[in-house]
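Structure file model_31.cif with mmCIF, C-alpha atoms and all ligand atoms:
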data_run
loop_
_atom_site.label_atom_id
_atom_site.label_comp_id
_atom_site.auth_asym_id
_atom_site.auth_seq_id
_atom_site.Cartn_x
_atom_site.Cartn_y
_atom_site.Cartn_z
CA MET A 1 0.00 0.00 0.00
CA GLN A 2 1.27 3.45 -0.96
CA SER A 3 1.74 6.27 1.54
CA ALA A 4 2.48 10.00 1.34
CA THR A 5 3.11 12.96 3.63
CA VAL A 6 -0.28 14.59 4.22
CA PHE A 7 -0.44 17.95 5.96
CA ASN A 8 -4.16 18.58 5.94
CA ILE A 9 -7.45 16.94 5.00
CA GLN A 10 -9.97 19.73 4.69
CA LYS A 11 -13.64 18.89 4.64
CA PHE A 12 -16.61 20.86 3.26
CA SER A 13 -14.55 22.82 0.76
CA LEU A 14 -16.56 24.75 -1.84
CA ASN A 15 -13.69 26.28 -3.87
CA ASP A 16 -11.69 23.31 -5.05
CA GLY A 17 -13.83 21.74 -7.76
CA PRO A 18 -17.58 21.16 -8.10
CA GLY A 19 -19.88 20.62 -5.13
CA ILE A 20 -18.85 19.91 -1.57
CA ARG A 21 -15.39 18.41 -1.50
CA THR A 22 -12.77 16.94 0.79
CA VAL A 23 -9.35 18.31 -0.11
CA VAL A 24 -6.30 16.17 0.59
CA PHE A 25 -3.16 18.31 0.85
CA LEU A 26 0.14 16.52 0.17
CA LYS A 27 3.55 17.90 1.11
CA GLY A 28 6.29 18.48 -1.44
CA CYS A 29 6.53 21.02 -4.23
CA PRO A 30 9.24 21.61 -6.84
CA LEU A 31 8.32 25.26 -7.48
CA ARG A 32 8.46 27.13 -4.14
CA CYS A 33 6.82 30.27 -5.51
CA ALA A 34 7.55 33.42 -3.48
CA TRP A 35 3.81 34.06 -2.96
CA CYS A 36 3.00 30.51 -1.80
CA SER A 37 0.22 30.61 0.79
CA ASN A 38 1.04 27.10 2.03
CA PRO A 39 4.79 27.24 2.78
CA GLU A 40 4.36 24.16 4.96
CA SER A 41 3.59 22.30 1.74
CA GLN A 42 6.97 22.88 0.12
CA GLN A 43 9.17 20.35 1.92
CA ARG A 44 8.29 16.73 1.35
CA ALA A 45 8.94 15.55 4.90
CA PRO A 46 6.98 16.43 8.05
CA GLN A 47 8.24 19.69 9.60
CA LEU A 48 8.33 21.34 12.98
CA GLU A 49 6.60 24.68 13.51
CA TRP A 50 7.43 27.15 16.30
CA LYS A 51 4.92 29.69 17.60
CA GLU A 52 6.62 32.74 19.06
CA SER A 53 3.63 33.89 21.09
CA ALA A 54 3.45 30.53 22.89
CA CYS A 55 7.19 30.06 23.53
CA VAL A 56 8.33 30.97 27.05
CA GLY A 57 12.02 30.55 26.27
CA CYS A 58 12.55 27.79 28.84
CA GLY A 59 15.00 25.81 26.69
CA ALA A 60 13.34 22.45 27.39
CA CYS A 61 13.27 21.72 23.65
CA LEU A 62 17.05 22.20 23.42
CA ALA A 63 17.62 19.87 26.33
CA ALA A 64 15.40 17.24 24.71
CA ALA A 65 17.10 17.57 21.31
CA PRO A 66 20.75 18.37 22.14
CA ASN A 67 21.94 17.94 18.54
CA ALA A 68 19.44 20.43 17.10
CA ASN A 69 20.44 23.90 15.95
CA VAL A 70 19.59 26.80 18.23
CA ALA A 71 17.53 29.81 17.15
CA GLU A 72 16.89 33.00 19.07
CA HIS A 73 13.99 35.43 18.75
CA ALA A 74 13.18 38.30 21.13
CA GLY A 75 15.60 36.92 23.70
CA LYS A 76 14.10 33.41 23.59
CA ARG A 77 16.54 30.61 22.79
CA HIS A 78 14.74 27.65 21.28
CA LEU A 79 15.15 24.81 18.82
CA ASP A 80 15.58 25.90 15.17
CA VAL A 81 12.73 24.15 13.37
CA ARG A 82 14.57 24.22 10.03
CA GLY A 83 17.16 21.65 11.00
CA LEU A 84 15.11 18.55 11.88
CA ARG A 85 12.56 16.30 10.22
CA GLY A 86 9.32 16.81 12.14
CA ASP A 87 8.80 13.08 12.61
CA SER A 88 12.36 12.31 13.80
CA ASP A 89 12.82 10.97 17.34
CA GLU A 90 14.65 14.13 18.37
CA ALA A 91 11.97 16.43 17.00
CA GLN A 92 9.22 14.44 18.65
CA ALA A 93 11.12 14.51 21.96
CA ALA A 94 11.30 18.31 21.70
CA VAL A 95 7.56 18.55 20.96
CA ARG A 96 6.80 16.45 24.03
CA ALA A 97 9.19 18.46 26.20
CA CYS A 98 7.75 21.86 25.30
CA PRO A 99 5.52 22.90 28.22
CA SER A 100 3.57 25.53 26.27
CA HIS A 101 2.87 23.67 23.01
CA ALA A 102 4.94 26.19 21.06
CA LEU A 103 6.34 23.35 18.95
CA THR A 104 4.10 21.28 16.71
CA CYS A 105 4.65 19.02 13.73
CA THR A 106 2.97 19.68 10.39
CA GLY A 107 2.56 16.70 8.09
CA ALA A 108 2.37 12.98 8.78
CA THR A 109 2.86 9.85 6.73
CA LYS A 110 -0.53 8.36 5.83
CA THR A 111 -1.46 5.34 3.78
CA VAL A 112 -4.03 5.37 1.00
CA ASN A 113 -6.45 3.47 3.26
CA GLU A 114 -6.08 6.00 6.07
CA VAL A 115 -6.87 8.88 3.73
CA LEU A 116 -9.66 6.97 2.01
CA ARG A 117 -11.35 6.29 5.36
CA VAL A 118 -11.53 10.04 6.07
CA CYS A 119 -12.81 10.81 2.56
CA LEU A 120 -15.56 8.19 2.83
CA GLN A 121 -16.97 9.87 5.95
CA ASP A 122 -18.50 12.60 3.77
CA GLN A 123 -19.74 10.48 0.88
CA PRO A 124 -23.41 11.52 1.40
CA PHE A 125 -22.42 15.18 1.00
CA TYR A 126 -20.62 14.43 -2.25
CA GLU A 127 -23.65 12.63 -3.61
CA ASP A 128 -26.08 15.40 -2.67
CA SER A 129 -23.91 18.24 -4.00
CA GLY A 130 -22.16 16.73 -7.00
CA GLY A 131 -18.89 16.97 -5.06
CA GLY A 132 -16.08 14.56 -4.28
CA VAL A 133 -12.40 14.54 -3.38
CA THR A 134 -9.69 16.94 -4.58
CA LEU A 135 -5.96 16.27 -4.37
CA SER A 136 -3.90 19.37 -3.65
CA GLY A 137 -0.58 20.43 -2.16
CA GLY A 138 2.14 21.32 -2.58
CA GLU A 139 2.20 19.42 -5.81
CA ALA A 140 0.20 16.24 -5.30
CA LEU A 141 1.67 14.71 -8.45
CA THR A 142 5.08 14.45 -6.79
CA TRP A 143 3.47 11.38 -5.15
CA PRO A 144 2.31 9.65 -8.34
CA ALA A 145 1.95 6.10 -7.02
CA PHE A 146 -0.01 7.32 -3.99
CA CYS A 147 -2.28 9.48 -6.16
CA GLU A 148 -2.89 6.65 -8.58
CA GLU A 149 -3.85 4.18 -5.86
CA LEU A 150 -6.05 6.68 -4.01
CA LEU A 151 -7.82 7.87 -7.16
CA CYS A 152 -8.56 4.28 -8.22
CA ALA A 153 -9.92 3.52 -4.74
CA LEU A 154 -12.13 6.63 -4.83
CA HIS A 155 -13.52 5.69 -8.23
CA ASP A 156 -14.17 2.16 -6.98
CA GLN A 157 -16.42 3.81 -4.36
CA GLY A 158 -18.12 5.94 -7.02
CA ILE A 159 -16.50 9.17 -5.76
CA ASP A 160 -15.80 12.05 -8.14
CA THR A 161 -12.11 13.07 -8.36
CA CYS A 162 -10.31 16.35 -8.99
CA ILE A 163 -6.78 17.76 -8.66
CA GLU A 164 -5.17 21.16 -8.17
CA THR A 165 -1.79 20.97 -9.91
CA GLU A 166 0.99 23.11 -11.29
CA ALA A 167 1.65 20.44 -13.92
CA HIS A 168 5.37 20.56 -13.14
CA VAL A 169 5.91 16.80 -13.33
CA PRO A 170 7.09 14.42 -16.04
CA THR A 171 4.65 14.29 -18.93
CA GLU A 172 4.14 10.54 -18.68
CA THR A 173 3.14 10.88 -15.00
CA PHE A 174 0.84 13.79 -15.75
CA GLN A 175 -0.98 11.99 -18.54
CA ARG A 176 -1.30 8.69 -16.67
CA ILE A 177 -2.91 10.32 -13.63
CA ALA A 178 -5.06 12.68 -15.73
CA ALA A 179 -6.87 9.57 -16.95
CA LEU A 180 -8.02 8.92 -13.36
CA LEU A 181 -9.41 12.42 -12.77
CA ASP A 182 -12.89 13.76 -13.45
CA HIS A 183 -11.76 17.39 -13.20
CA MET A 184 -8.42 19.17 -13.39
CA LEU A 185 -7.60 22.63 -12.03
CA VAL A 186 -4.24 23.47 -13.59
CA ASP A 187 -2.14 26.53 -12.80
CA LEU A 188 -1.03 28.81 -15.60
CA LYS A 189 1.38 31.04 -13.72
CA HIS A 190 2.97 32.66 -16.75
CA VAL A 191 4.02 31.88 -20.30
CA ASP A 192 7.31 33.79 -20.02
CA ALA A 193 10.07 31.25 -19.31
CA THR A 194 12.44 33.84 -17.85
CA LYS A 195 9.87 35.23 -15.41
CA LEU A 196 8.95 31.72 -14.35
CA ARG A 197 12.57 30.85 -13.72
CA VAL A 198 13.23 34.02 -11.72
CA HIS A 199 10.11 33.90 -9.52
CA THR A 200 9.67 30.13 -9.17
CA ALA A 201 11.82 27.07 -9.66
CA GLY A 202 9.67 26.09 -12.61
CA GLN A 203 10.44 25.15 -16.21
CA ALA A 204 7.99 26.75 -18.59
CA GLU A 205 8.32 24.09 -21.26
CA LEU A 206 7.25 21.30 -18.91
CA MET A 207 4.31 23.13 -17.31
CA LEU A 208 2.98 24.63 -20.52
CA GLY A 209 3.41 21.37 -22.44
CA ASN A 210 1.39 19.48 -19.83
CA LEU A 211 -1.33 22.13 -19.65
CA ARG A 212 -1.59 22.28 -23.44
CA TRP A 213 -1.98 18.49 -23.56
CA ALA A 214 -4.65 18.58 -20.83
CA ILE A 215 -6.69 21.25 -22.60
CA ALA A 216 -6.60 19.19 -25.79
CA ASN A 217 -7.27 15.78 -24.26
CA HIS A 218 -9.04 15.96 -20.90
CA PRO A 219 -12.81 16.51 -20.74
CA ASP A 220 -12.79 19.02 -17.86
CA VAL A 221 -9.75 21.25 -17.40
CA LEU A 222 -9.89 24.68 -15.83
CA PRO A 223 -6.69 26.76 -16.16
CA ARG A 224 -6.20 29.03 -13.14
CA THR A 225 -3.88 32.01 -12.84
CA PRO A 226 -2.81 33.41 -9.48
CA VAL A 227 -2.39 37.12 -10.24
CA ILE A 228 0.74 38.27 -8.40
CA PRO A 229 1.96 41.88 -8.15
CA GLY A 230 5.32 42.32 -9.84
CA PHE A 231 5.17 38.92 -11.52
CA ASN A 232 2.18 38.62 -13.84
CA ASP A 233 -0.21 41.47 -12.98
CA GLY A 234 0.65 43.71 -15.94
CA ILE A 235 -1.55 44.20 -18.98
CA GLU A 236 1.17 42.72 -21.24
CA ASP A 237 1.35 39.68 -18.96
CA ALA A 238 -2.42 39.20 -19.30
CA ARG A 239 -2.24 39.61 -23.07
CA ALA A 240 0.53 37.02 -23.40
CA MET A 241 -1.33 34.48 -21.25
CA ALA A 242 -4.69 35.11 -22.93
CA ARG A 243 -3.15 34.57 -26.36
CA TRP A 244 -1.40 31.43 -25.20
CA LEU A 245 -4.70 30.08 -23.83
CA ARG A 246 -6.51 30.86 -27.05
CA GLY A 247 -3.75 29.16 -29.06
CA ALA A 248 -3.99 26.08 -26.81
CA GLY A 249 -7.75 25.86 -27.38
CA ALA A 250 -8.89 26.99 -23.91
CA THR A 251 -12.12 28.93 -23.57
CA ARG A 252 -11.95 30.00 -19.92
CA VAL A 253 -9.61 30.84 -17.07
CA GLN A 254 -10.08 31.52 -13.38
CA LEU A 255 -8.15 34.50 -12.02
CA LEU A 256 -7.06 34.22 -8.38
CA PRO A 257 -6.13 37.66 -6.99
CA PHE A 258 -3.03 37.71 -4.75
CA HIS A 259 -3.57 37.57 -1.00
CA ASN A 260 -1.05 37.43 1.83
CA TYR A 261 -3.06 35.21 4.19
CA GLY A 262 -0.21 32.72 4.36
CA GLU A 263 2.38 35.20 5.64
CA GLY A 264 2.00 34.20 9.28
CA LYS A 265 2.90 30.61 8.42
CA TYR A 266 6.39 31.67 7.27
CA ALA A 267 7.23 32.83 10.79
CA LEU A 268 6.13 29.45 12.20
CA LEU A 269 8.62 27.74 9.90
CA ASN A 270 11.40 30.33 10.39
CA MET A 271 11.27 31.10 6.67
CA PRO A 272 11.51 34.56 5.05
CA TYR A 273 8.39 35.84 3.25
CA GLY A 274 9.41 37.44 -0.03
CA LEU A 275 6.21 39.46 -0.55
CA HIS A 276 6.06 41.18 2.83
CA GLY A 277 4.30 44.54 2.46
CA THR A 278 2.68 43.65 -0.88
CA LYS A 279 -0.96 44.73 -0.95
CA ASN A 280 -3.72 42.21 -1.53
CA LEU A 281 -5.51 42.35 -4.88
CA HIS A 282 -9.29 42.23 -5.29
CA SER A 283 -11.43 41.44 -8.30
CA GLU A 284 -12.31 45.14 -8.70
CA ASP A 285 -8.57 45.90 -9.10
CA LEU A 286 -8.39 43.52 -12.04
CA GLU A 287 -11.25 44.60 -14.31
CA GLU A 288 -8.93 45.96 -17.02
CA TYR A 289 -6.75 42.87 -16.65
CA ARG A 290 -9.80 40.62 -17.03
CA GLN A 291 -10.98 42.55 -20.07
CA ILE A 292 -7.78 41.57 -21.92
CA TYR A 293 -8.84 37.93 -21.69
CA LEU A 294 -12.40 38.69 -22.73
CA ASP A 295 -11.04 40.57 -25.78
CA GLU A 296 -9.12 37.43 -26.74
CA GLY A 297 -12.28 35.33 -26.45
CA ILE A 298 -11.34 33.74 -23.11
CA GLU A 299 -14.04 33.74 -20.43
CA ALA A 300 -12.09 35.05 -17.44
CA PHE A 301 -13.77 34.96 -14.03
CA PHE A 302 -12.87 35.21 -10.34
S1 LIG B 401 10.45 24.14 25.07
FE1 LIG B 401 8.81 25.31 24.03
S2 LIG B 401 8.57 27.11 25.36
FE2 LIG B 401 10.53 26.21 25.91
S3 LIG B 401 12.04 27.26 24.58
FE3 LIG B 401 11.44 25.43 23.48
S4 LIG B 401 9.75 26.07 22.14
FE4 LIG B 401 10.01 27.67 23.70
#
Mind turning this structure into structure tokens?
Ligand code: SF4
Amino acid sequence: MQSATVFNIQKFSLNDGPGIRTVVFLKGCPLRCAWCSNPESQQRAPQLEWKESACVGCGACLAAAPNANVAEHAGKRHLDVRGLRGDSDEAQAAVRACPSHALTCTGATKTVNEVLRVCLQDQPFYEDSGGGVTLSGGEALTWPAFCEELLCALHDQGIDTCIETEAHVPTETFQRIAALLDHMLVDLKHVDATKLRVHTAGQAELMLGNLRWAIANHPDVLPRTPVIPGFNDGIEDARAMARWLRGAGATRVQLLPFHNYGEGKYALLNMPYGLHGTKNLHSEDLEEYRQIYLDEGIEAFF
């Protein structure tokens, strides 16, 4: 039986495919975009998180994990969460030793059956709403064998399947798993290879090739563009992406205005947040941007 590192299973989601859905978030992502709102999804392994407001600076974590690196914030010396796997013996000893629950572990190894059991709990809601289960991340497709086994098991139970993906995986993997999905929500971050390389760790050729294939071959693909200030929020950016979509045969795109709701999570992981101070975007800020798509015959919506 396959297993993967799961960092969240979110029930009653209404924004991740049709109907009421359970979203299974898998850890591990090759892109590490600066605006990522789930930084805990980037590393593949379970990770420790440290909450400054809860830490009393007692040092019990350092005593429990003597080989761990030391970090210091506001005069509090504590274990540096970046240096240890969250599920290692040392990390778990530190979590247990912390008297104020300032240390927690995000992500745990789960088998297909464990995840399936949780998904099945809400089967009546899927049936009533036309919903199902969505795989997300991170990049869920970095766990291809797990995805394949889970998707087959869901279909065996008559459950509708969907994925949120950046399509930054080998083409053979992408196409094999696409065949097991009822819906695909695929990121189109940009069509400019240089911008993609500078702002993410992504290769344009791979992502665009997979998305182009999906639009041509899969019955239900929705391209989605996170609109990020300084990366792809210009009118010329919109024009380039709209033309690419039209050329690929797409008829619609969902625009996801930038938000900084994930910023607080960076502090928990002792990671820098590259978009600190960047203002959130709202749909009313993007009317001209959206019009570019409409002019190219692409139904753009929020
Ligand atoms: S044991 Fe907990 S409260 Fe004490 S220093 Fe470590 S993280 Fe802070």
| task | Write out as a list of chain:residue names each polymer residue whose atoms come within 10 Å of A:His199, counting all atoms listed in the file; drop sequence neighbours fewer than 3 positions from it. | result | A:Leu31, A:Arg32, A:Cys33, A:Ala34, A:Trp35, A:Thr194, A:Lys195, A:Leu196, A:Gly202, A:Gly230, A:Phe231
| request: Let me have all residues with an atom within 10 Å of ligand LIG 401 (chain B), counting only C-alpha atoms and all ligand atoms, laid out as a PyMOL selection string. | output: chain A and resi 49-65+70-72+76-81+94-104
| said: With distances taken over only C-alpha atoms, which residue among A:Val24, A:Arg44, A:Ile235, A:Arg82 lies nearest A:Tyr266? | reply: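 The answer is A:Arg82, which sits nearest to A:Tyr266.
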Can you tell me, as a short mmCIF file (atom, residue, chain, number, x, y, z; two decimals) with C-alpha atoms, in the coordinates of the input, what residues are no more than 8 Å from A:Ser136 when counting all atoms listed in the file, ignoring any on the same chain fewer than 4 positions away?
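Once written, out_12.cif looks like this:
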data_model
loop_
_atom_site.label_atom_id
_atom_site.label_comp_id
_atom_site.auth_asym_id
_atom_site.auth_seq_id
_atom_site.Cartn_x
_atom_site.Cartn_y
_atom_site.Cartn_z
CA VAL A 23 -9.35 18.31 -0.11
CA VAL A 24 -6.30 16.17 0.59
CA PHE A 25 -3.16 18.31 0.85
CA LEU A 26 0.14 16.52 0.17
CA ALA A 140 0.20 16.24 -5.30
CA ILE A 163 -6.78 17.76 -8.66
CA GLU A 164 -5.17 21.16 -8.17
CA THR A 165 -1.79 20.97 -9.91
#
| message | Given the point (1.1, 23.5, -9.6) in the coordinates of this file, which residues lie within 6 Å, counting only C-alpha atoms, and how would they look as a PyMOL selection string? | response | chain A and resi 139+165-167+187
| query | Which of these residues is nearest to A:Ser41, using all atoms listed in the file: A:Ser129, A:Thr142, A:Ser88, A:Gln121? | reply |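 Of the candidates, the smallest distance to A:Ser41 is held by A:Thr142.
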